[in-house]
>>> print(open('data_34.cif').read())   # mmCIF, C-alpha atoms and all ligand atoms
data_start
loop_
_atom_site.label_atom_id
_atom_site.label_comp_id
_atom_site.auth_asym_id
_atom_site.auth_seq_id
_atom_site.Cartn_x
_atom_site.Cartn_y
_atom_site.Cartn_z
CA MET A 1 -6.21 6.94 47.16
CA THR A 2 -9.34 7.40 49.19
CA PHE A 3 -11.07 4.17 50.09
CA VAL A 4 -13.73 5.59 52.38
CA THR A 5 -14.89 9.13 53.02
CA TRP A 6 -17.32 10.61 55.42
CA ASN A 7 -20.17 12.49 53.72
CA GLU A 8 -22.91 14.90 54.76
CA LYS A 9 -25.57 12.21 54.72
CA LEU A 10 -23.90 10.76 57.79
CA LEU A 11 -24.20 13.96 59.78
CA THR A 12 -26.01 13.40 63.09
CA GLY A 13 -25.75 16.99 64.30
CA ILE A 14 -24.35 15.78 67.62
CA ARG A 15 -20.85 17.19 67.75
CA GLU A 16 -18.98 14.49 69.66
CA ILE A 17 -20.68 11.72 67.69
CA ASP A 18 -19.87 13.30 64.32
CA HIS A 19 -16.29 13.79 65.44
CA ASP A 20 -16.04 10.10 66.37
CA HIS A 21 -17.62 8.97 63.13
CA LYS A 22 -15.28 11.08 61.03
CA MET A 23 -12.36 9.68 62.94
CA LEU A 24 -13.54 6.12 62.40
CA PHE A 25 -13.73 6.72 58.67
CA ASP A 26 -10.22 8.06 58.65
CA LEU A 27 -8.94 5.16 60.74
CA ILE A 28 -10.43 2.71 58.23
CA GLU A 29 -8.74 4.75 55.54
CA GLN A 30 -5.44 4.37 57.34
CA PHE A 31 -5.97 0.64 57.75
CA HIS A 32 -6.52 0.46 54.00
CA GLU A 33 -3.30 2.40 53.46
CA ALA A 34 -1.43 0.01 55.74
CA TYR A 35 -2.95 -2.92 53.88
CA MET A 36 -1.72 -1.54 50.58
CA SER A 37 1.70 -0.49 51.60
CA THR A 38 2.89 -3.68 53.19
CA ASP A 39 2.90 -7.38 52.49
CA SER A 40 3.32 -8.29 56.09
CA LYS A 41 0.16 -8.96 58.03
CA ALA A 42 1.99 -8.17 61.23
CA ALA A 43 2.65 -4.64 59.98
CA MET A 44 -1.08 -4.06 59.56
CA GLU A 45 -1.77 -5.00 63.15
CA PRO A 46 -1.26 -1.54 64.72
CA ALA A 47 -3.66 0.17 62.32
CA PHE A 48 -6.27 -2.50 62.96
CA ARG A 49 -5.83 -2.33 66.75
CA MET A 50 -6.12 1.44 66.63
CA LEU A 51 -9.36 1.19 64.69
CA MET A 52 -10.83 -1.42 67.03
CA ASP A 53 -9.85 0.49 70.16
CA TYR A 54 -11.35 3.67 68.88
CA THR A 55 -14.47 1.83 67.78
CA GLU A 56 -14.84 0.43 71.25
CA ASN A 57 -14.46 3.87 72.82
CA HIS A 58 -16.96 5.33 70.42
CA PHE A 59 -19.49 2.61 71.17
CA ARG A 60 -19.05 3.22 74.86
CA ARG A 61 -19.51 6.99 74.49
CA GLU A 62 -22.57 6.43 72.34
CA GLU A 63 -24.12 3.99 74.77
CA GLU A 64 -23.53 6.39 77.64
CA LEU A 65 -25.35 9.05 75.69
CA LEU A 66 -28.26 6.70 75.01
CA GLU A 67 -28.43 5.87 78.69
CA LYS A 68 -28.44 9.55 79.58
CA VAL A 69 -31.28 10.46 77.24
CA GLY A 70 -33.26 7.32 78.11
CA TYR A 71 -33.35 5.91 74.61
CA PRO A 72 -35.78 2.96 74.61
CA GLY A 73 -33.80 1.04 71.98
CA GLN A 74 -30.65 1.15 74.06
CA ALA A 75 -30.34 -2.59 74.73
CA GLY A 76 -30.81 -3.41 71.06
CA HIS A 77 -28.28 -0.80 70.04
CA HIS A 78 -25.78 -2.21 72.49
CA GLN A 79 -26.33 -5.65 70.97
CA ASP A 80 -25.76 -4.24 67.46
CA HIS A 81 -22.42 -2.88 68.63
CA GLU A 82 -21.41 -6.21 70.16
CA ASP A 83 -22.39 -8.10 67.01
CA LEU A 84 -20.42 -5.74 64.85
CA LYS A 85 -17.31 -6.11 66.97
CA ASP A 86 -17.60 -9.92 66.98
CA GLU A 87 -18.03 -10.07 63.26
CA VAL A 88 -15.07 -7.82 62.54
CA LEU A 89 -12.83 -9.71 64.93
CA ALA A 90 -13.84 -13.04 63.38
CA LEU A 91 -13.06 -11.75 59.90
CA TYR A 92 -9.76 -10.34 61.13
CA GLN A 93 -8.81 -13.70 62.66
CA ARG A 94 -9.58 -15.47 59.40
CA PHE A 95 -7.50 -12.91 57.54
CA GLN A 96 -4.56 -13.29 59.91
CA ASN A 97 -4.68 -17.10 59.88
CA ASP A 98 -5.02 -17.37 56.16
CA LYS A 99 -1.87 -18.65 54.48
CA LEU A 100 -3.09 -18.03 50.96
CA GLN A 101 -2.43 -14.89 48.99
CA GLY A 102 -3.94 -13.65 45.77
CA VAL A 103 -7.30 -12.24 44.75
CA GLU A 104 -9.29 -15.43 45.26
CA ASN A 105 -8.36 -15.47 48.89
CA ASP A 106 -8.19 -11.84 49.50
CA LEU A 107 -9.72 -11.72 52.91
CA GLY A 108 -8.00 -8.42 53.55
CA LEU A 109 -10.13 -6.63 51.01
CA GLU A 110 -13.17 -8.51 52.23
CA LEU A 111 -12.47 -7.30 55.74
CA LEU A 112 -11.97 -3.75 54.53
CA SER A 113 -15.19 -3.71 52.53
CA PHE A 114 -17.00 -5.12 55.51
CA LEU A 115 -15.65 -2.38 57.74
CA LYS A 116 -16.60 0.27 55.25
CA ASN A 117 -20.11 -1.08 54.79
CA TRP A 118 -20.86 -1.70 58.42
CA LEU A 119 -19.81 1.72 59.50
CA GLU A 120 -21.89 3.45 56.91
CA PHE A 121 -24.85 1.15 57.32
CA HIS A 122 -24.80 1.25 61.10
CA ILE A 123 -24.70 5.04 61.17
CA LEU A 124 -27.45 5.43 58.59
CA GLU A 125 -29.73 2.69 59.87
CA ASP A 126 -29.13 2.41 63.59
CA ASP A 127 -27.48 5.57 64.84
CA MET A 128 -29.93 7.75 62.95
CA LYS A 129 -32.78 6.19 64.93
CA TYR A 130 -31.48 7.45 68.26
CA VAL A 131 -30.61 10.78 66.62
CA GLU A 132 -34.24 11.12 65.62
CA PHE A 133 -35.31 10.21 69.15
CA ILE A 134 -33.03 12.86 70.65
CA ARG A 135 -34.26 15.49 68.20
CA ASP A 136 -37.91 14.70 68.98
CA LYS A 137 -37.18 14.85 72.66
CA GLU A 138 -35.54 18.25 72.33
CA LYS A 139 -38.56 19.61 70.52
CA HIS A 140 -40.90 18.75 73.35
CA MET B 141 -7.68 17.19 71.57
CA SER B 142 -7.33 20.60 73.21
CA PRO B 143 -7.54 23.76 71.09
CA GLU B 144 -3.98 24.60 72.21
CA ASP B 145 -2.62 21.29 70.94
CA PHE B 146 -4.53 21.74 67.72
CA SER B 147 -3.12 25.17 67.06
CA PHE B 148 0.40 24.01 67.87
CA VAL B 149 0.13 21.24 65.28
CA ALA B 150 -1.57 23.54 62.76
CA ASP B 151 1.19 26.16 63.16
CA PHE B 152 3.90 23.57 62.76
CA LEU B 153 2.28 22.19 59.64
CA LYS B 154 1.82 25.61 58.13
CA LYS B 155 5.41 26.60 58.74
CA LYS B 156 6.87 23.32 57.62
CA SER B 157 4.77 22.54 54.55
CA GLY B 158 2.52 25.50 53.80
CA ILE B 159 -0.57 23.38 54.47
CA SER B 160 -3.16 25.39 56.36
CA LEU B 161 -5.68 23.57 58.54
CA THR B 162 -8.96 25.05 59.70
CA ASP B 163 -10.32 23.82 63.02
CA ASP B 164 -13.05 21.71 61.41
CA LYS B 165 -10.10 19.41 60.66
CA THR B 166 -9.52 18.64 64.33
CA TYR B 167 -10.75 15.09 63.84
CA LEU B 168 -8.17 14.61 61.07
CA VAL B 169 -5.30 15.76 63.23
CA GLU B 170 -6.51 13.39 65.93
CA SER B 171 -7.00 10.39 63.71
CA ARG B 172 -3.57 10.87 62.12
CA LEU B 173 -1.65 11.62 65.28
CA LEU B 174 -3.20 9.12 67.65
CA PRO B 175 -1.66 6.13 65.84
CA LEU B 176 1.62 8.03 65.67
CA ALA B 177 1.54 8.70 69.42
CA ARG B 178 1.11 4.98 70.03
CA GLN B 179 3.90 4.11 67.66
CA HIS B 180 6.19 6.38 69.67
CA ASP B 181 5.01 4.86 72.96
CA LEU B 182 3.27 8.04 74.01
CA ASP B 183 -0.04 7.88 75.83
CA ASP B 184 -2.04 10.30 73.78
CA ILE B 185 -1.92 13.36 71.58
CA THR B 186 -1.04 15.62 74.47
CA GLY B 187 2.02 13.45 75.01
CA LEU B 188 2.89 13.64 71.33
CA VAL B 189 2.55 17.41 71.22
CA ALA B 190 4.74 17.66 74.33
CA ALA B 191 7.36 15.55 72.56
CA MET B 192 7.10 17.81 69.51
CA LYS B 193 7.64 20.86 71.69
CA GLY B 194 10.29 19.41 73.91
CA GLY B 195 12.68 17.98 71.40
CA ARG B 196 12.59 14.79 73.45
CA GLY B 197 15.56 12.45 73.12
CA SER B 198 18.46 13.05 70.79
CA LEU B 199 18.20 15.63 68.05
CA GLY B 200 17.84 12.95 65.37
CA ASP B 201 14.87 11.45 67.19
CA HIS B 202 13.12 14.75 67.36
CA GLU B 203 13.65 15.47 63.71
CA SER B 204 12.26 12.11 62.66
CA LEU B 205 9.26 12.63 64.93
CA MET B 206 8.56 15.95 63.21
CA ASP B 207 8.93 14.25 59.81
CA ASP B 208 6.51 11.55 60.88
CA VAL B 209 3.96 14.16 61.90
CA LEU B 210 4.29 15.87 58.53
CA ASP B 211 3.97 12.56 56.68
CA ALA B 212 0.90 11.62 58.69
CA MET B 213 -0.81 14.93 58.01
CA THR B 214 -0.38 15.13 54.23
CA THR B 215 -3.32 14.10 52.08
CA ASN B 216 -1.93 11.77 49.48
CA GLU B 217 -5.09 11.05 47.57
CA THR B 218 -4.38 10.43 43.92
CA PHE B 219 -5.23 8.03 41.14
CA PHE B 220 -4.21 7.01 37.65
CA PHE B 221 -5.21 9.45 34.89
CA ARG B 222 -6.97 11.62 37.42
CA ASP B 223 -9.67 13.73 35.72
CA ASN B 224 -8.77 12.21 32.33
CA LYS B 225 -9.27 15.48 30.43
CA PRO B 226 -5.83 16.94 31.10
CA PHE B 227 -4.24 13.77 29.79
CA ASP B 228 -6.34 13.92 26.62
CA ALA B 229 -5.34 17.55 26.19
CA ILE B 230 -1.65 16.72 26.57
CA ARG B 231 -2.00 14.05 23.92
CA LYS B 232 -4.04 16.07 21.46
CA ASP B 233 -3.06 19.70 21.97
CA ILE B 234 0.11 20.06 23.97
CA LEU B 235 2.43 17.31 22.74
CA PRO B 236 2.03 17.85 18.97
CA GLN B 237 3.16 21.47 19.29
CA LEU B 238 5.86 20.78 21.82
CA ILE B 239 7.28 17.94 19.74
CA GLU B 240 7.42 20.21 16.73
CA ARG B 241 9.32 22.86 18.70
CA ARG B 242 11.74 20.36 20.26
CA LYS B 243 12.38 18.26 17.18
CA SER B 244 16.05 19.12 16.95
CA ALA B 245 16.82 18.69 20.66
CA LYS B 246 14.63 15.56 20.84
CA SER B 247 14.25 15.87 24.54
CA LEU B 248 11.40 16.55 26.95
CA ARG B 249 11.64 17.12 30.68
CA ILE B 250 8.53 16.83 32.80
CA TRP B 251 8.15 17.65 36.48
CA CYS B 252 5.45 16.26 38.71
CA ALA B 253 5.69 18.60 41.66
CA ALA B 254 3.30 16.72 43.98
CA ALA B 255 3.86 13.14 42.89
CA SER B 256 2.34 11.57 45.99
CA THR B 257 2.26 7.77 45.62
CA GLY B 258 3.23 7.85 41.94
CA GLN B 259 0.01 7.40 39.99
CA GLU B 260 0.37 10.75 38.24
CA PRO B 261 3.97 10.35 37.01
CA TYR B 262 3.25 6.77 35.93
CA SER B 263 0.18 7.96 34.02
CA ILE B 264 2.34 10.52 32.21
CA ALA B 265 4.95 7.88 31.45
CA MET B 266 2.28 5.60 29.95
CA LEU B 267 0.88 8.46 27.93
CA LEU B 268 4.32 9.17 26.45
CA LYS B 269 4.93 5.49 25.72
CA GLU B 270 1.58 5.24 23.99
CA TYR B 271 2.09 8.42 22.02
CA GLY B 272 3.66 6.62 19.10
CA ALA B 273 6.84 6.09 17.17
CA GLN B 274 7.46 9.81 16.89
CA LEU B 275 9.00 9.89 20.35
CA ASN B 276 10.99 6.68 19.99
CA ASP B 277 14.47 8.14 19.90
CA TRP B 278 13.73 11.01 22.26
CA ARG B 279 15.13 11.55 25.71
CA LEU B 280 12.06 11.61 27.93
CA SER B 281 12.53 12.21 31.59
CA ILE B 282 10.02 12.65 34.37
CA LEU B 283 10.90 13.93 37.81
CA GLY B 284 8.47 13.18 40.62
CA THR B 285 8.85 15.14 43.84
CA ASP B 286 6.87 15.31 47.06
CA VAL B 287 7.37 16.44 50.63
CA SER B 288 6.12 13.13 52.01
CA GLY B 289 8.84 10.52 52.28
CA GLU B 290 6.25 7.82 52.94
CA ALA B 291 4.33 8.65 49.77
CA LEU B 292 7.54 8.67 47.74
CA LYS B 293 8.51 5.27 49.08
CA ARG B 294 5.31 3.89 47.63
CA ALA B 295 5.85 5.78 44.37
CA GLU B 296 9.30 4.28 44.03
CA ALA B 297 8.08 0.79 44.81
CA GLY B 298 5.32 1.14 42.22
CA ASN B 299 3.00 -1.44 43.83
CA TYR B 300 -0.72 -0.87 43.66
CA SER B 301 -3.73 -2.72 44.99
CA GLN B 302 -6.59 -3.98 42.87
CA PHE B 303 -8.64 -1.12 44.25
CA GLU B 304 -6.10 1.48 43.16
CA VAL B 305 -5.69 0.22 39.62
CA GLN B 306 -9.42 -0.23 39.19
CA ARG B 307 -10.12 3.43 39.24
CA GLY B 308 -8.73 5.31 36.27
CA LEU B 309 -6.38 2.82 34.67
CA PRO B 310 -7.72 1.35 31.40
CA ALA B 311 -7.42 -2.45 31.28
CA GLN B 312 -5.18 -2.54 28.23
CA LEU B 313 -2.66 -0.20 29.89
CA LEU B 314 -2.85 -2.18 33.10
CA ILE B 315 -1.81 -5.43 31.47
CA LYS B 316 0.75 -3.73 29.26
CA TYR B 317 2.62 -1.73 31.89
CA LEU B 318 1.99 -3.60 35.14
CA HIS B 319 2.24 -7.19 36.23
CA LYS B 320 0.60 -8.95 39.10
CA GLU B 321 2.61 -10.29 41.98
CA GLU B 322 0.64 -11.76 44.83
CA LYS B 323 -1.88 -9.16 45.85
CA TYR B 324 -0.20 -6.20 44.12
CA TRP B 325 0.02 -4.87 40.64
CA MET B 326 3.59 -3.75 39.99
CA ILE B 327 4.82 -1.21 37.48
CA ASN B 328 7.13 -2.75 34.88
CA SER B 329 10.76 -1.75 35.10
CA GLU B 330 10.84 -0.14 31.66
CA LEU B 331 8.21 2.39 32.69
CA LYS B 332 9.87 2.90 36.06
CA SER B 333 13.14 3.78 34.39
CA MET B 334 11.57 6.89 32.87
CA ILE B 335 10.94 8.42 36.28
CA ARG B 336 13.23 9.68 38.99
CA TYR B 337 11.86 10.50 42.44
CA LYS B 338 13.20 13.04 44.86
CA LYS B 339 12.00 14.38 48.18
CA LEU B 340 11.28 18.07 47.82
CA ASN B 341 9.34 20.65 49.77
CA LEU B 342 7.77 23.24 47.49
CA LEU B 343 8.39 25.87 50.16
CA SER B 344 12.13 25.43 49.80
CA SER B 345 14.32 26.32 46.85
CA PHE B 346 14.15 24.15 43.76
CA GLU B 347 16.27 26.21 41.39
CA SER B 348 18.84 23.44 41.07
CA LEU B 349 16.34 21.13 39.36
CA GLY B 350 16.79 22.92 36.02
CA LYS B 351 14.15 23.68 33.42
CA PHE B 352 11.06 21.66 32.58
CA ASP B 353 8.94 21.73 29.44
CA ILE B 354 5.83 20.65 31.33
CA VAL B 355 5.16 21.06 35.04
CA PHE B 356 2.34 19.22 36.75
CA CYS B 357 1.42 20.88 40.02
CA ARG B 358 -1.98 19.38 40.64
CA ASN B 359 -4.03 19.28 43.79
CA VAL B 360 -1.41 20.58 46.14
CA LEU B 361 -1.76 24.38 45.97
CA ILE B 362 -5.30 23.99 47.31
CA TYR B 363 -3.82 23.30 50.74
CA PHE B 364 -1.93 26.60 50.79
CA GLU B 365 -2.84 30.18 51.49
CA VAL B 366 -2.82 32.69 48.64
CA GLU B 367 0.54 34.24 49.43
CA THR B 368 2.22 30.84 49.56
CA LYS B 369 0.59 29.86 46.27
CA ARG B 370 1.76 33.09 44.68
CA GLN B 371 5.37 32.56 45.71
CA ILE B 372 5.46 28.95 44.60
CA LEU B 373 3.92 29.76 41.22
CA GLU B 374 6.44 32.51 40.63
CA ARG B 375 9.34 30.21 41.46
CA ILE B 376 7.89 27.48 39.24
CA SER B 377 7.71 29.94 36.35
CA ARG B 378 11.47 30.40 36.63
CA GLN B 379 11.99 26.65 36.10
CA MET B 380 10.33 26.79 32.71
CA PRO B 381 11.40 27.90 29.23
CA PRO B 382 9.26 30.68 27.71
CA ASP B 383 7.10 28.11 25.93
CA GLY B 384 6.73 25.81 28.93
CA ILE B 385 3.37 24.50 30.11
CA LEU B 386 1.96 24.40 33.63
CA VAL B 387 -0.84 22.01 34.54
CA LEU B 388 -2.95 22.64 37.64
CA GLY B 389 -5.71 20.57 39.25
CA SER B 390 -9.34 20.98 38.23
CA ALA B 391 -10.21 23.04 41.31
CA GLU B 392 -7.22 25.34 40.99
CA THR B 393 -6.49 28.55 39.14
CA VAL B 394 -3.82 31.24 38.88
CA LEU B 395 -6.49 33.89 38.59
CA ASN B 396 -6.06 36.49 41.32
CA VAL B 397 -3.09 34.52 42.57
CA SER B 398 -0.22 34.96 40.14
CA ASP B 399 0.48 37.14 37.10
CA HIS B 400 3.27 34.88 36.00
CA PHE B 401 0.95 32.54 34.13
CA GLN B 402 -1.91 32.87 31.68
CA LEU B 403 -4.66 30.39 31.01
CA ILE B 404 -4.33 28.77 27.59
CA PRO B 405 -7.65 29.55 25.92
CA GLY B 406 -9.83 26.51 25.48
CA LEU B 407 -7.68 24.27 27.65
CA SER B 408 -8.86 24.43 31.22
CA GLY B 409 -6.16 23.70 33.76
CA PHE B 410 -3.35 24.54 31.31
CA TYR B 411 -1.22 27.65 31.66
CA LYS B 412 1.61 29.30 29.76
CA ILE B 413 4.13 31.81 30.95
CA ASN B 414 2.98 35.39 30.82
CA PRO B 415 5.58 37.06 28.54
CA ALA B 416 4.98 40.43 30.19
CA MET B 417 6.26 39.09 33.51
CA SER B 418 9.40 37.24 32.51
C1 LIG C 501 -3.64 15.25 46.97
S1 LIG C 501 -1.97 14.85 46.58
C2 LIG C 501 -1.94 15.22 44.85
C3 LIG C 501 -1.30 14.12 44.03
C4 LIG C 501 -1.35 14.30 42.51
N1 LIG C 501 -0.65 15.48 42.07
C5 LIG C 501 -2.79 14.33 42.02
O1 LIG C 501 -3.26 15.37 41.61
O2 LIG C 501 -3.45 13.29 42.05
C6 LIG C 501 -1.09 16.18 47.35
C7 LIG C 501 0.39 15.90 47.60
O3 LIG C 501 1.05 17.13 47.91
C8 LIG C 501 2.10 16.86 48.80
N2 LIG C 501 2.52 18.10 49.46
C9 LIG C 501 1.87 18.79 50.44
N3 LIG C 501 2.58 19.86 50.82
C10 LIG C 501 3.70 19.86 50.06
C11 LIG C 501 4.85 20.71 50.01
N4 LIG C 501 4.98 21.78 50.80
N5 LIG C 501 5.82 20.41 49.11
C12 LIG C 501 5.69 19.32 48.30
N6 LIG C 501 4.64 18.49 48.31
C13 LIG C 501 3.66 18.75 49.19
C14 LIG C 501 1.50 15.82 49.73
O4 LIG C 501 2.49 15.07 50.38
C15 LIG C 501 0.64 14.98 48.77
O5 LIG C 501 1.34 13.84 48.35
FE FE C 502 -21.98 5.51 66.04
FE FE C 503 -23.95 3.03 67.11
#
>>> encode(input="data_34.cif", output="structure tokens")
Amino acid sequence: MTFVTWNEKLLTGIREIDHDHKMLFDLIEQFHEAYMSTDSKAAMEPAFRMLMDYTENHFRREEELLEKVGYPGQAGHHQDHEDLKDEVLALYQRFQNDKLQGVENDLGLELLSFLKNWLEFHILEDDMKYVEFIRDKEKH
Amino acid sequence: MSPEDFSFVADFLKKKSGISLTDDKTYLVESRLLPLARQHDLDDITGLVAAMKGGRGSLGDHESLMDDVLDAMTTNETFFFRDNKPFDAIRKDILPQLIERRKSAKSLRIWCAAASTGQEPYSIAMLLKEYGAQLNDWRLSILGTDVSGEALKRAEAGNYSQFEVQRGLPAQLLIKYLHKEEKYWMINSELKSMIRYKKLNLLSSFESLGKFDIVFCRNVLIYFEVETKRQILERISRQMPPDGILVLGSAETVLNVSDHFQLIPGLSGFYKINPAMS
């Protein structure tokens, strides 16, 4: 069952970026599927690695674009990306190290909700700012 | 991914499962196949497509690679009591009449033709269990089929996450028919015993399955082109007695697709056999 879906509100109008974002949503979806279909944390590892690698590539592509267009908030945006990565990795470590199972200690779901929220929030709040900048620039 | 690789995958998928992909779904093909490429130790999607073309390794390897691609590309979204309304209609309008007509045989066969991860067949099983004493000594059997082996594995296991049971499954049914084990909710064995699962591609022949009083074919025809839909609907009609009932998804219709079925007035999503065509 669908855990996250991309929606029109997230559309940036920049083809490569939208493609990446849609892919990230689907990779989170697949991580959720892996989480549900196995009890073994080791078996979830590939889906998580895939997501993190793709995230990293996306961040790099995005930052290159910001560099190219001379986006003034570039340094801050880079920092946002770094913070996000750190936070996800820390949560993932806690999840992997956790011996406890059950709802009370369900770090897996916590990690998944975090992923879902950060992606949506980061696109809507942070990415949209550079999108606006690029649009303005194109108008002039 | 390159347009050539995309069209190769799209063609394969169409031929193998009937699913037709438009090129705005490129991202989906990529996000499903990239993990698969890694799993098979291939560098990227180009490598995966080459392996699909080349029949790399032994024949068995190649076949399982193609199966994996198909599994990865199917959309298995489903949930318990999806759309609610059809289940209410079965309870209130369909079952009372069907029970009356089958009261001497005391048997009902139901087919879930796109069972996915099992939520739909389990919902039907719960509905029948909850229907009341009238069905107590009946033979009730549900067959769940799907083309995705991975989805069927989950259906057979009957384990669901908190998130999956939260949407659609009323609390009193949850505690009655499932039990919690570690992080999963598991379907009780009594309910499980009502359902048999079988891997089946709707494009291939299913004559040998026999006749079904009710056929659920929800949210799968939407992935097919009209001609494919038409053929499948016609073949489904042959697996039903003259008074059988077909249930489609809320976004689906037989209108302009097949003359073998007629909408049951007042019951959206429910179809009966068109007597003029059988
Ligand atoms: C979106 S799910 C629908 C599940 C359920 N019927 C519902 O409505 O919630 C679609 C299912 O159709 C299956 N499917 C796709 N092509 C198929 C084919 N050619 N034969 C059988 N099943 C197929 C997929 O594997 C997937 O599990
Ligand atoms: Fe982004
Ligand atoms: Fe970003």
>>> residues_near_ligand(input="data_34.cif", ligand="ligand FE 502 (chain C)", cutoff="12 Å", atoms="all atoms listed in the file", output="VMD selection string")
chain A and resid 10 to 12 14 to 25 54 to 66 77 to 78 80 to 81 84 118 to 131
>>> residues_around(input="data_34.cif", residues="B:Val169", least_positions_apart="3", cutoff="9 Å", atoms="only C-alpha atoms", output="list in words")
Met141, Phe146, Val149, Ala150, Lys165, Thr166, Arg172, Leu173, Leu174, Ala212 and Met213 of chain B
>>> interface_residues(input="data_34.cif", of="chain B", to="chain A", cutoff="10 Å", atoms="all atoms listed in the file", output="PyMOL selection string")
chain B and resi 164-172+174-175+178-179+212+215-220+256-257+259+290-291+293-294+297+299-304+307+320-324
>>> residues_near_ligand(input="data_34.cif", ligand="ligand LIG 501 (chain C)", cutoff="9 Å", atoms="only C-alpha atoms and all ligand atoms", output="number ranges by chain")
A: 1; B: 154, 156-159, 210-211, 213-223, 252-261, 285-292, 339-344, 356-364, 388-390
>>> write_last_selection(input="data_34.cif", atoms="C-alpha atoms", output="PDB file, keeping the file's coordinate frame")
ATOM      1  CA  MET A   1      -6.210   6.940  47.160  1.00  0.00           C
TER       2      MET A   1
ATOM      3  CA  LYS B 154       1.820  25.610  58.130  1.00  0.00           C
ATOM      4  CA  LYS B 156       6.870  23.320  57.620  1.00  0.00           C
ATOM      5  CA  SER B 157       4.770  22.540  54.550  1.00  0.00           C
ATOM      6  CA  GLY B 158       2.520  25.500  53.800  1.00  0.00           C
ATOM      7  CA  ILE B 159      -0.570  23.380  54.470  1.00  0.00           C
ATOM      8  CA  LEU B 210       4.290  15.870  58.530  1.00  0.00           C
ATOM      9  CA  ASP B 211       3.970  12.560  56.680  1.00  0.00           C
ATOM     10  CA  MET B 213      -0.810  14.930  58.010  1.00  0.00           C
ATOM     11  CA  THR B 214      -0.380  15.130  54.230  1.00  0.00           C
ATOM     12  CA  THR B 215      -3.320  14.100  52.080  1.00  0.00           C
ATOM     13  CA  ASN B 216      -1.930  11.770  49.480  1.00  0.00           C
ATOM     14  CA  GLU B 217      -5.090  11.050  47.570  1.00  0.00           C
ATOM     15  CA  THR B 218      -4.380  10.430  43.920  1.00  0.00           C
ATOM     16  CA  PHE B 219      -5.230   8.030  41.140  1.00  0.00           C
ATOM     17  CA  PHE B 220      -4.210   7.010  37.650  1.00  0.00           C
ATOM     18  CA  PHE B 221      -5.210   9.450  34.890  1.00  0.00           C
ATOM     19  CA  ARG B 222      -6.970  11.620  37.420  1.00  0.00           C
ATOM     20  CA  ASP B 223      -9.670  13.730  35.720  1.00  0.00           C
ATOM     21  CA  CYS B 252       5.450  16.260  38.710  1.00  0.00           C
ATOM     22  CA  ALA B 253       5.690  18.600  41.660  1.00  0.00           C
ATOM     23  CA  ALA B 254       3.300  16.720  43.980  1.00  0.00           C
ATOM     24  CA  ALA B 255       3.860  13.140  42.890  1.00  0.00           C
ATOM     25  CA  SER B 256       2.340  11.570  45.990  1.00  0.00           C
ATOM     26  CA  THR B 257       2.260   7.770  45.620  1.00  0.00           C
ATOM     27  CA  GLY B 258       3.230   7.850  41.940  1.00  0.00           C
ATOM     28  CA  GLN B 259       0.010   7.400  39.990  1.00  0.00           C
ATOM     29  CA  GLU B 260       0.370  10.750  38.240  1.00  0.00           C
ATOM     30  CA  PRO B 261       3.970  10.350  37.010  1.00  0.00           C
ATOM     31  CA  THR B 285       8.850  15.140  43.840  1.00  0.00           C
ATOM     32  CA  ASP B 286       6.870  15.310  47.060  1.00  0.00           C
ATOM     33  CA  VAL B 287       7.370  16.440  50.630  1.00  0.00           C
ATOM     34  CA  SER B 288       6.120  13.130  52.010  1.00  0.00           C
ATOM     35  CA  GLY B 289       8.840  10.520  52.280  1.00  0.00           C
ATOM     36  CA  GLU B 290       6.250   7.820  52.940  1.00  0.00           C
ATOM     37  CA  ALA B 291       4.330   8.650  49.770  1.00  0.00           C
ATOM     38  CA  LEU B 292       7.540   8.670  47.740  1.00  0.00           C
ATOM     39  CA  LYS B 339      12.000  14.380  48.180  1.00  0.00           C
ATOM     40  CA  LEU B 340      11.280  18.070  47.820  1.00  0.00           C
ATOM     41  CA  ASN B 341       9.340  20.650  49.770  1.00  0.00           C
ATOM     42  CA  LEU B 342       7.770  23.240  47.490  1.00  0.00           C
ATOM     43  CA  LEU B 343       8.390  25.870  50.160  1.00  0.00           C
ATOM     44  CA  SER B 344      12.130  25.430  49.800  1.00  0.00           C
ATOM     45  CA  PHE B 356       2.340  19.220  36.750  1.00  0.00           C
ATOM     46  CA  CYS B 357       1.420  20.880  40.020  1.00  0.00           C
ATOM     47  CA  ARG B 358      -1.980  19.380  40.640  1.00  0.00           C
ATOM     48  CA  ASN B 359      -4.030  19.280  43.790  1.00  0.00           C
ATOM     49  CA  VAL B 360      -1.410  20.580  46.140  1.00  0.00           C
ATOM     50  CA  LEU B 361      -1.760  24.380  45.970  1.00  0.00           C
ATOM     51  CA  ILE B 362      -5.300  23.990  47.310  1.00  0.00           C
ATOM     52  CA  TYR B 363      -3.820  23.300  50.740  1.00  0.00           C
ATOM     53  CA  PHE B 364      -1.930  26.600  50.790  1.00  0.00           C
ATOM     54  CA  LEU B 388      -2.950  22.640  37.640  1.00  0.00           C
ATOM     55  CA  GLY B 389      -5.710  20.570  39.250  1.00  0.00           C
ATOM     56  CA  SER B 390      -9.340  20.980  38.230  1.00  0.00           C
TER      57      SER B 390
END
>>> residues_near_point(input="data_34.cif", point="(5.7, 41.1, 33.2)", cutoff="10 Å", atoms="all atoms listed in the file", output="list in words")
Asp399, His400, Phe401, Ile413, Asn414, Pro415, Ala416, Met417 and Ser418 of chain B
>>> residues_around(input="data_34.cif", residues="B:Ala191", least_positions_apart="5", cutoff="10 Å", atoms="only C-alpha atoms", output="JSON, numbers by chain")
{"B": [177, 180, 182, 185, 186, 196, 197, 202, 205, 206]}
>>> atom_distance(input="data_34.cif", atom1="atom CA of B:Phe148", atom2="atom CA of B:Lys193")
8.8 Å
